[in-house]
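One structure is given below, encoded as structure tokens.
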Amino acid sequence: MVSKQKILIVDDDNNIAELISLYLTKECFETLIANDGESVMPAMESFVPSLILLDIMLPGMDGYQVCREVRAKYPVPIIMLSAKGEVFDKVLGLELGADDYIEKPFDSKELVARCKAVLRRYKTVTAAPAATDEKCVHYTDLAVNLTNYSVHYKGRTIDMPPKELELLYFLASSPNHVFTREQLLDQLWGYEYIGDTRTVDVHIKRLREKIKDHANWKISTIWGIGYKFEVRNP
């Protein structure tokens with residue numbers, strides 16, 4: 001029997017949380033509700049969610065703080081929920097490691113579709129694949145493995161959320177090929193993602209903070225167009 005995917009709903013408005021839980025339960029997800037930020041980390045240990053729906057405006061520890069703490073320890077995807085619709089709020093959430101951002105009030109079908117889209121992108125490796133199936137790119141001081149979702153940089157393993165790793169792998173798999181922001185959104189976030197190209201910029205910024213320019217390669221900005229993984233000595 002296939003186990004249900006688990007979604008942790010973090011919202012101090014219990015009526016909204018219960019409504020979200022109802023939507024998701026109908027779609028065969030298992031849910032757990034937390035009404036404050038302090039309850040999230042214990043729930044991560046006991047419930048082990050596949051996805052977190054995280055409201056920003058929480059009593060005590062707000063959603064941004066929760067996102068920081070979760071992201072520092074767990075690779076679980078996070079979708080932020082908020083009545084705040086300002087670009088700054090969306091960008092801040094993405095910079096802290098959120099995978100998507102949904103404004104309240106939201107349509108139930110859109111919420112479910114976003115959850116399913118994010119979960120599809122987070123591939124869980126349950127068994128070691130055959131060596132011939134391994135998806136990995138290698139450059140001097142850099143190895144990006146999409147099969148086991150690992151990045152090795154200058155002899156160290158780099159902690160990286162799946163979406164950042166997928167973006168790095170996608171670019172590095174096509175050295176010196178220029179991709180527009182729209183192409184990257186379509187390839188990595190899919191048509192279900194309703195966002196703007198700023199999402200790509202935020203993820204590129206986070207990648208550059210972890211993977212610095214190398215003498216032989218770097219992530220280059222092509223102004224007015226997009227990005228490429230520039231290789232000087234393939």
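Residues are named by chain letter and number: chains run A, B, ... in the order of the structure tokens, numbers start at 1 in each chain, and ligands are numbered from 1 in the order shown.
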
10 Å contact set for Thr221 in chain A, only C-alpha atoms, chain neighbours under 2 positions out, as a list in words =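 Counting only C-alpha atoms, the residues come to Val178, Phe179, Asp201, Ile204, Lys218, Ile219, Trp223, Gly224, Ile225, Gly226, Tyr227, Lys228, Phe229 and Glu230 of chain A.
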
message = With DSSP run on the backbone, what are the helix (DSSP H, G or I) residues within range 107-194 of chain A? I'd like them as a PyMOL selection string.
response = chain A and resi 108-121+131-133+162-172+181-189

message = Please determine, counting only C-alpha atoms, which residue among A:Val70, A:Asn148, A:Ala83, A:Val118 has the shortest atom-to-atom distance to Lys104 in chain A.
response =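 Smallest distance to Lys104 in chain A is found for A:Ala83.
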
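When only C-alpha atoms are used to measure the gap to Pro162 in chain A, the shortest distance among A:Val76, A:Cys115, A:Ala17, A:Ile102 belongs to A:Val76.
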
inquiry  = As an exercise, work out the distance from CA of Ser50 in chain A to CA of Lys6 in chain A in Å and give it to one decimal place.
reply    =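 Separation between CA of Ser50 in chain A and CA of Lys6 in chain A: 5.1 Å.
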
ask   = Which residue gives the smallest distance to Ser46 in chain A among A:Cys136, A:Leu8, A:Ile20, A:Leu94, with only C-alpha atoms counted?
value = A:Leu8

query = Quick one: of A:Ser173, A:Ser39, A:Ser220, A:Gln187, who's nearest to His138 in chain A, counting only C-alpha atoms?
reply =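 Answer, going by the shortest atom-to-atom distance: A:Ser173.
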
request  = Give me the residues within 9 Å of Thr140 in chain A as a list in words, counting only C-alpha atoms and dropping any in the same chain fewer than 4 places off.
outcome  = Tyr153, Lys154, His214, Asn216 and Trp217 of chain A

Residue selection dump (N, CA, C and O atoms) as a short mmCIF file (atom, residue, chain, number, x, y, z; two decimals), in the first residue's frame:
```
data_model
loop_
_atom_site.label_atom_id
_atom_site.label_comp_id
_atom_site.auth_asym_id
_atom_site.auth_seq_id
_atom_site.Cartn_x
_atom_site.Cartn_y
_atom_site.Cartn_z
N TYR A 153 31.60 20.63 -3.75
CA TYR A 153 32.29 21.83 -4.22
C TYR A 153 33.58 22.00 -3.42
O TYR A 153 33.56 22.12 -2.20
N LYS A 154 34.70 21.94 -4.13
CA LYS A 154 36.02 22.08 -3.51
C LYS A 154 36.20 21.14 -2.33
O LYS A 154 36.66 21.53 -1.25
N HIS A 214 34.62 30.17 -10.48
CA HIS A 214 35.85 29.37 -10.56
C HIS A 214 36.68 29.86 -11.73
O HIS A 214 36.16 30.51 -12.65
N ASN A 216 37.75 28.14 -14.06
CA ASN A 216 37.35 27.42 -15.28
C ASN A 216 35.87 27.54 -15.61
O ASN A 216 35.46 27.24 -16.72
N TRP A 217 35.06 27.98 -14.66
CA TRP A 217 33.62 28.05 -14.90
C TRP A 217 32.95 29.04 -13.95
O TRP A 217 33.49 29.38 -12.90
#
```

message = Taking 4 positions as the minimum chain separation for residues in the same chain, which residues sit within 6 Å of range 52-57 of chain A when counting only C-alpha atoms? Answer as a PyMOL selection string.
response = chain A and resi 7-11+62-63+78-82
